[in-house]
Each structure stands twice: as C-alpha cells, then as structure tokens.
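Beneath this line is the structure, given in structure tokens, with notes to follow.
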Amino acid sequence: MTVHNLYIFDRNGNCLYYNEWNRKKQAGISKEEEFKLMYGMLFSIRSFVSKMSPLDMKEGFLSFQTSKYRLHYYETPSGLKFVMNTDLSVTNARDTLQHIYSNLYVEYIVKNPVCVLGHSLDSELFSSRLDAFIRALPYYSPRAA
Amino acid sequence: MTVLSAGQDATAKMVIFSVYVVNKAGGLIYQYDNYVPRAEAEKTFSYPLDLVLKHHDEKVVVSFGQRDGIRVGHAVLSINGVDVIGKNTADGKDILEYLKDASNYPVSIRFGRARLSSNEKLMLASMFHSLFAIGSQLSPEVGSSGIEMLETDVFKLHCFQTLTGIKFIVLADPRQSGIDALLRKIYEIYSDFALKNPFYSLEMPIRCELFDQNLKSALEVAEKAGNFGAGS
C-alpha cells in the first residue's frame with residue numbers, strides 16, 4: 001500500500017509542486033514535459049467526461065485506474081488541481097487531497113505573505129509538513145527496494 | 001434503447017449506459033446506447049430571458065443562469081414544440097436573434113443535455129484511445145496497462161483492451177458490478193459474430209445483426225445480475 005507521487009497544478013497549467021515517494025518508473029521525458037503531459041491529459045479527461053456523461057455531474061472526474069496504479073484527482077473551485085498516484089489498494093483519496101488543500105496549502109502557502117500565488121511553492125514548511133502527512137497516511141508504507 | 005423523460009427516476013435502477021468498440025488505430029467501429037437518461041425541462045419564458053445563451057459547437061447552450069432543472073451547459077432542444085436545427089430554428093432563423101426580439105414572446109423553450117452526434121462520438125472514442133496510451137506512459141510503476149477504469153460521480157467507464165488492440169468500452173452506473181465479466185462476454189460475442197462473419201473486414205465498422213442481438217441480451221443479463229447482487 002503506497003503513495004507514488006503528488007502533483008499540484010494551478011488554473012493555468014503551471015506545475016506548482018511535485019514530489020515522489022515510491023516511484024519505480026520514470027516517464028522517459030524531462031520533468032517539464034511530464035508536467036505538461038499530465039496537465040494536458042487531465043484537461044482532456046475533464047472535457048471528455050463532461051461530453052460523455054449521460055447525466056449532469058456535480059463533481060466530475062474523480063479518479064482512474066490502470067493495472068498497476070490509480071490516479072486520484074481533486075480540483076478546487078479556484079482551479080487548483082491536486083493529483084496523486086497511489087497503488088490499487090487505495091480506493092478513495094479525495095478526503096486526503098481535500099485535507100492537503102485546506103490544512104496544508106491554505107495554511108502554509110495562501111496565508112504566507114512571502115509566497116506568491118502562481119509561482120512554484122518553495123515554502124520549506126509546506127514541503128516538510130506535506131511529506132510528514134503523506135508518510136503518516138494509513139495506506140503509506142515505504143516499499144522494500 | 002430506453003429513453004427517460006423528465007420526472008422519471010433514474011436513481012433506483014442500476015444501468016449500463018452505453019458500449020463503444022474502438023479499433024487498433026483509435027477509430028470507433030461500434031457504438032450502442034442502451035439507456036439514455038435525457039433529463040429535459042420545458043418552460044415558458046417572457047421577455048427578457050433571464051438565462052444567458054451562447055453559441056457552442058454549432059448548438060445554442062446556456063452559459064449563465066440556472067433554474068427549474070435548467071443547468072449551465074444544457075442546450076436548446078426545441079422552441080414552441082418544434083425541434084431546433086443546430087443554431088437555427090426549424091424555419092432557419094438564428095435562435096439568439098429570435099430570442100432578442102420581444103414580439104416573439106411568450107416562448108416555450110425545451111432545454112436538456114445535448115445528444116452526442118455520430119461525429120462527436122467518433123472524436124470522443126479517438127480521444128479516449130489517446131488518453132488510454134498516455135495513462136500507461138505516465139505510470140509511476142513498471143508494466144502498467146492503459147486506463148482500465150475511469151470514475152466520475154455519475155458514471156464509471158470500464159475499458160478492456162484485447163491482445164490485438166481492440167478496446168471494448170462500457171459506461172455504467174458507478175454501483176454496477178460484474179462489468180469485467182461483461183467486457184469479456186462482449187469480446188466473446190465479437191469473436192463469434194463479427195470475426196467469424198465472412199463478410200466482416202477487420203478494423204471496419206461492425207454491421208452484423210447477430211452481434212447486435214447478442215450484445216443486447218448480454219447487457220440485459222448483466223444489468224439484472226448487477227441489480228440482484230446489490231439488492232441482496
């Protein structure tokens with residue numbers, strides 16, 4: 001049971017934060033390209049889902065899974081996107097992502113007068129608190145190498 | 001195909017909404033809508049209209065304003081009982097111009113989620129084909145497949161890719177169980193009634209009556225089994 005990585009995007013598609021804990025395979029492209037591809041994929045999935053949906057949706061796209069991992073998605077009304085890849089045993093990480101937004105992002109970034117919104121998050125306090133929070137999750141366990 | 005009208009309750013029954021089959025190249029070769037819950041709202045309006053409408057994709061949609069079952073994103077389906085054609089009324093008048101004229105009021109307009117045209121379905125199938133591949137490329141784990149299941153709050157999309165690259169996609173209620181077995185069953189029906197049909201060419205649109213019939217009955221069986229499982 002583990003968390004692989006976490007991305008935070010702003011409403012314009014800039015990747016504000018990225019961290020990985022248990023990533024086994026790199027994408028084979030540079031990090032900037034990977035962020036753009038990830039954002040593009042999520043933007044396309046949201047557009048796809050809104051067209052395909054047989055009924056009106058309230059929250060929209062929640063997550064997807066492949067044979068090896070699951071991607072969880074949470075978007076705030078201000079367009080901030082939280083994306084977390086975990087293994088298949090984690091079924092619902094929405095509350096986790098919401099917690100990261102309201103208790104970590106809002107507390108340590110938004111309320112920080114030095115942090116400029118829209119630029120990458122370089123608050124050490126935010127990084128360390130986020131890291132501690134992820135490691136403390138009940139479904140996180142460091143994989144044996 | 002069952003069509004729901006406004007007022008009918010879609011929440012009690014768990015259903016399978018539709019089935020798509022995509023070939024190796026990403027082209028849609030088969031599509032079937034099993035259950036189309038088109039919730040529509042018809043209201044009589046007086047001048048001025050309190051909803052903001054705009055042109056979007058050759059249709060007129062609500063861009064601002066929400067009341068009585070009419071939501072943002074709903075399209076204008078008919079005016080005064082007559083179905084509209086794209087951006088114009090049945091008489092050929094531009095809808096936005098028509099609704100700006102106070103002499104045309106009171107007017108009865110029906111709003112609802114726009115039905116997907118065949119072209120749009122083709123585009124969406126190709127879009128999913130690409131997204132499936134990107135899901136595999138961005139994987140943090142080695143040896144991942146593409147997107148096998150995509151979840152939203154109103155539907156779940158299941159995808160099964162065969163060894164030959166054909167994708168079977170099923171859109172169902174999020175609580176519906178047994179879709180994996182259904183996907184395998186659809187693959188079986190495809191190999192029995194499409195592949196073994198001497199008049200069917202590979203990767204081409206599937207136009208085999210037996211395939212349609214067997215698919216419909218497989219969907220009925222799966223829906224009943226899913227409902228039974230959830231109730232007990």
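So you can find residues: chains in the structure tokens are A, B, ... in the order shown, residues in each start at 1, and ligands are numbered from 1 in order.
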Check every residue of chain B for an atom within 8 Å of chain A, counting only C-alpha atoms, and provide those that qualify as a VMD selection string.
chain B and resid 17 36 to 39 113 116 124 127 to 128 131 134 to 155
Identify, on the basis of only C-alpha atoms, every residue whose closest approach to segment 205-218 of chain B does not exceed 7 Å; exclude the query and any residue fewer than 6 positions from it along the same chain; express the result as JSON, numbers by chain.
{"B": [29, 30, 186, 189, 190, 193, 194]}
Extract the full set of helix (DSSP H, G or I) residues from segment 42-102 of chain B according to DSSP on the backbone, and format it as a list in words.
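Helix (DSSP H, G or I) assignments inside segment 42-102 of chain B correspond to Ile95, Leu96, Glu97, Tyr98, Leu99, Lys100 and Ala102 of chain B.
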Those residues with N, CA, C and O atoms, as a PDB file, in the first residue's frame please?
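Resulting contents of result.pdb:
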```pdb
ATOM      1  N   ILE B  95     -31.361  31.466 -33.613  1.00  0.00           N
ATOM      2  CA  ILE B  95     -32.079  31.379 -32.333  1.00  0.00           C
ATOM      3  C   ILE B  95     -31.831  32.589 -31.446  1.00  0.00           C
ATOM      4  O   ILE B  95     -32.740  33.143 -30.834  1.00  0.00           O
ATOM      5  N   LEU B  96     -30.566  33.029 -31.357  1.00  0.00           N
ATOM      6  CA  LEU B  96     -30.256  34.152 -30.477  1.00  0.00           C
ATOM      7  C   LEU B  96     -30.960  35.423 -30.949  1.00  0.00           C
ATOM      8  O   LEU B  96     -31.457  36.207 -30.146  1.00  0.00           O
ATOM      9  N   GLU B  97     -31.014  35.622 -32.262  1.00  0.00           N
ATOM     10  CA  GLU B  97     -31.726  36.793 -32.806  1.00  0.00           C
ATOM     11  C   GLU B  97     -33.209  36.695 -32.510  1.00  0.00           C
ATOM     12  O   GLU B  97     -33.854  37.666 -32.134  1.00  0.00           O
ATOM     13  N   TYR B  98     -33.738  35.489 -32.676  1.00  0.00           N
ATOM     14  CA  TYR B  98     -35.161  35.248 -32.434  1.00  0.00           C
ATOM     15  C   TYR B  98     -35.529  35.588 -30.988  1.00  0.00           C
ATOM     16  O   TYR B  98     -36.565  36.204 -30.718  1.00  0.00           O
ATOM     17  N   LEU B  99     -34.637  35.180 -30.052  1.00  0.00           N
ATOM     18  CA  LEU B  99     -34.950  35.392 -28.644  1.00  0.00           C
ATOM     19  C   LEU B  99     -34.673  36.821 -28.187  1.00  0.00           C
ATOM     20  O   LEU B  99     -35.074  37.216 -27.095  1.00  0.00           O
ATOM     21  N   LYS B 100     -33.972  37.623 -29.012  1.00  0.00           N
ATOM     22  CA  LYS B 100     -33.745  39.017 -28.627  1.00  0.00           C
ATOM     23  C   LYS B 100     -34.976  39.858 -28.955  1.00  0.00           C
ATOM     24  O   LYS B 100     -35.157  40.944 -28.417  1.00  0.00           O
ATOM     25  N   ALA B 102     -38.597  41.005 -28.716  1.00  0.00           N
ATOM     26  CA  ALA B 102     -39.649  40.896 -27.695  1.00  0.00           C
ATOM     27  C   ALA B 102     -40.981  40.427 -28.268  1.00  0.00           C
ATOM     28  O   ALA B 102     -41.808  39.867 -27.555  1.00  0.00           O
TER      29      ALA B 102
END
```
Determine which residues of chain A receive a DSSP assignment of strand (DSSP E), computed from the backbone, and state them as an MDAnalysis selection string.
chainID A and resid 3:9 15:20 61:65 70:75 81:86
Near Thr2 of chain A, counting only C-alpha atoms, which residues have an atom at most 9 Å away, once you skip same-chain residues fewer than 6 positions from it, shown as a list in words?
Trp21, Asn22, Thr86, Asp87, Leu88, Ser89, Val90, Tyr139, Tyr140, Ser141, Pro142 and Arg143 of chain A
Write the residues of the preceding selection, restricted to N, CA and C atoms, as a PDB file, in the first residue's frame.
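Saved as result.pdb:
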```
ATOM      1  N   TRP A  21       7.480   9.639  -3.753  1.00  0.00           N
ATOM      2  CA  TRP A  21       7.887   8.842  -2.625  1.00  0.00           C
ATOM      3  C   TRP A  21       8.323   7.459  -3.045  1.00  0.00           C
ATOM      4  N   ASN A  22       7.546   6.850  -3.942  1.00  0.00           N
ATOM      5  CA  ASN A  22       7.829   5.464  -4.287  1.00  0.00           C
ATOM      6  C   ASN A  22       7.711   5.254  -5.781  1.00  0.00           C
ATOM      7  N   THR A  86      -1.432   6.510  -6.548  1.00  0.00           N
ATOM      8  CA  THR A  86      -1.205   5.544  -5.478  1.00  0.00           C
ATOM      9  C   THR A  86      -1.279   4.156  -6.099  1.00  0.00           C
ATOM     10  N   ASP A  87      -1.089   3.138  -5.259  1.00  0.00           N
ATOM     11  CA  ASP A  87      -1.276   1.805  -5.821  1.00  0.00           C
ATOM     12  C   ASP A  87      -2.765   1.462  -5.780  1.00  0.00           C
ATOM     13  N   LEU A  88      -3.107   0.257  -6.231  1.00  0.00           N
ATOM     14  CA  LEU A  88      -4.521  -0.048  -6.445  1.00  0.00           C
ATOM     15  C   LEU A  88      -5.317  -0.227  -5.166  1.00  0.00           C
ATOM     16  N   SER A  89      -4.648  -0.436  -4.018  1.00  0.00           N
ATOM     17  CA  SER A  89      -5.430  -0.718  -2.818  1.00  0.00           C
ATOM     18  C   SER A  89      -6.123   0.527  -2.260  1.00  0.00           C
ATOM     19  N   VAL A  90      -5.693   1.710  -2.701  1.00  0.00           N
ATOM     20  CA  VAL A  90      -6.311   2.932  -2.181  1.00  0.00           C
ATOM     21  C   VAL A  90      -7.522   3.273  -3.028  1.00  0.00           C
ATOM     22  N   TYR A 139      -2.340   4.349   4.535  1.00  0.00           N
ATOM     23  CA  TYR A 139      -2.034   3.465   3.421  1.00  0.00           C
ATOM     24  C   TYR A 139      -0.649   3.687   2.853  1.00  0.00           C
ATOM     25  N   TYR A 140       0.188   4.430   3.555  1.00  0.00           N
ATOM     26  CA  TYR A 140       1.549   4.622   3.060  1.00  0.00           C
ATOM     27  C   TYR A 140       2.484   3.663   3.765  1.00  0.00           C
ATOM     28  N   SER A 141       3.306   2.949   2.982  1.00  0.00           N
ATOM     29  CA  SER A 141       4.349   2.158   3.637  1.00  0.00           C
ATOM     30  C   SER A 141       5.539   2.150   2.698  1.00  0.00           C
ATOM     31  N   PRO A 142       6.734   2.484   3.208  1.00  0.00           N
ATOM     32  CA  PRO A 142       7.886   2.549   2.297  1.00  0.00           C
ATOM     33  C   PRO A 142       8.165   1.165   1.744  1.00  0.00           C
ATOM     34  N   ARG A 143       8.294   1.092   0.418  1.00  0.00           N
ATOM     35  CA  ARG A 143       8.481  -0.201  -0.220  1.00  0.00           C
ATOM     36  C   ARG A 143       9.900  -0.680   0.016  1.00  0.00           C
TER      37      ARG A 143
END
```
Please identify all polymer residues within 10 Å of Val84 of chain B, counting only C-alpha atoms, omitting same-chain residues fewer than 3 positions from it, and present them as a ChimeraX atom specification.
/B:59-60,76-81,87-95,110
Spatial neighbours of Ile8 of chain A, max dist 10 Å, only C-alpha atoms, sep filter under 4 positions, as a list in words:
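Near neighbours after the sequence-gap exclusion: Gly13, Asn14, Cys15, Leu16, Tyr17, Tyr18, Asn19, Phe35, Tyr39, Tyr74, Glu75, Leu80, Lys81, Phe82, Val83, Met84, Tyr101, Tyr105, Ser120 and Leu121 of chain A.
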Pull N, CA, C and O atoms from the residues just selected and write them as a CSV table (one decimal), in the first residue's frame.
```csv
chain,number,residue,atom,x,y,z
A,13,GLY,N,-2.2,25.7,-15.6
A,13,GLY,CA,-1.5,24.6,-16.1
A,13,GLY,C,0.0,24.6,-15.6
A,13,GLY,O,0.7,23.7,-15.9
A,14,ASN,N,0.4,25.6,-14.8
A,14,ASN,CA,1.7,25.5,-14.3
A,14,ASN,C,1.8,24.5,-13.1
A,14,ASN,O,0.9,24.5,-12.3
A,15,CYS,N,2.9,23.7,-13.1
A,15,CYS,CA,3.0,22.8,-12.0
A,15,CYS,C,3.6,23.5,-10.8
A,15,CYS,O,4.7,24.0,-10.9
A,16,LEU,N,2.9,23.6,-9.7
A,16,LEU,CA,3.4,24.4,-8.6
A,16,LEU,C,4.2,23.5,-7.7
A,16,LEU,O,5.1,24.0,-7.0
A,17,TYR,N,3.9,22.2,-7.6
A,17,TYR,CA,4.6,21.4,-6.7
A,17,TYR,C,4.6,20.0,-7.2
A,17,TYR,O,3.6,19.5,-7.8
A,18,TYR,N,5.7,19.3,-7.0
A,18,TYR,CA,5.8,17.8,-7.4
A,18,TYR,C,6.7,17.2,-6.4
A,18,TYR,O,7.8,17.6,-6.1
A,19,ASN,N,6.3,16.0,-5.9
A,19,ASN,CA,7.2,15.2,-5.1
A,19,ASN,C,6.8,13.7,-5.3
A,19,ASN,O,5.7,13.4,-5.6
A,35,PHE,N,5.1,17.3,-16.7
A,35,PHE,CA,4.1,18.1,-16.1
A,35,PHE,C,3.1,18.6,-17.2
A,35,PHE,O,1.9,18.5,-16.9
A,39,TYR,N,-0.8,17.6,-17.2
A,39,TYR,CA,-1.9,18.6,-17.2
A,39,TYR,C,-2.8,18.4,-18.4
A,39,TYR,O,-4.0,18.5,-18.3
A,74,TYR,N,-8.4,15.9,-7.5
A,74,TYR,CA,-9.2,16.8,-6.8
A,74,TYR,C,-9.0,18.2,-7.3
A,74,TYR,O,-7.9,18.7,-7.3
A,75,GLU,N,-10.1,18.9,-7.6
A,75,GLU,CA,-10.0,20.3,-8.1
A,75,GLU,C,-10.7,21.2,-7.2
A,75,GLU,O,-11.9,21.0,-6.9
A,80,LEU,N,-7.4,25.1,-8.7
A,80,LEU,CA,-6.2,24.4,-8.3
A,80,LEU,C,-6.4,22.9,-8.4
A,80,LEU,O,-7.4,22.4,-7.9
A,81,LYS,N,-5.4,22.2,-9.0
A,81,LYS,CA,-5.6,20.8,-9.2
A,81,LYS,C,-4.6,19.9,-8.4
A,81,LYS,O,-3.4,20.1,-8.5
A,82,PHE,N,-5.1,19.0,-7.6
A,82,PHE,CA,-4.3,18.1,-6.8
A,82,PHE,C,-4.4,16.7,-7.4
A,82,PHE,O,-5.5,16.2,-7.6
A,83,VAL,N,-3.2,16.1,-7.8
A,83,VAL,CA,-3.2,14.8,-8.5
A,83,VAL,C,-2.3,13.9,-7.7
A,83,VAL,O,-1.2,14.2,-7.4
A,84,MET,N,-2.8,12.8,-7.3
A,84,MET,CA,-2.0,11.8,-6.5
A,84,MET,C,-2.1,10.4,-7.1
A,84,MET,O,-3.2,9.9,-7.4
A,101,TYR,N,-5.3,20.3,0.6
A,101,TYR,CA,-5.6,21.7,0.2
A,101,TYR,C,-5.9,22.5,1.4
A,101,TYR,O,-5.3,23.6,1.6
A,105,TYR,N,-2.1,23.5,2.1
A,105,TYR,CA,-1.9,24.5,1.1
A,105,TYR,C,-2.4,25.9,1.6
A,105,TYR,O,-1.7,26.9,1.6
A,120,SER,N,6.0,28.5,-8.3
A,120,SER,CA,6.1,27.2,-7.6
A,120,SER,C,6.3,27.5,-6.2
A,120,SER,O,6.8,28.4,-5.7
A,121,LEU,N,5.7,26.5,-5.4
A,121,LEU,CA,5.7,26.6,-4.0
A,121,LEU,C,7.0,26.3,-3.4
A,121,LEU,O,7.5,25.1,-3.4
```
Interatomic distance (Å, one decimal) between atom CA of Tyr20 of chain B and atom CA of Ile169 of chain B:
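The value is 5.0 Å.
Pairwise distance (atom CA of Asp68 of chain B, atom CA of Arg175 of chain B) equals 27.7 Å.
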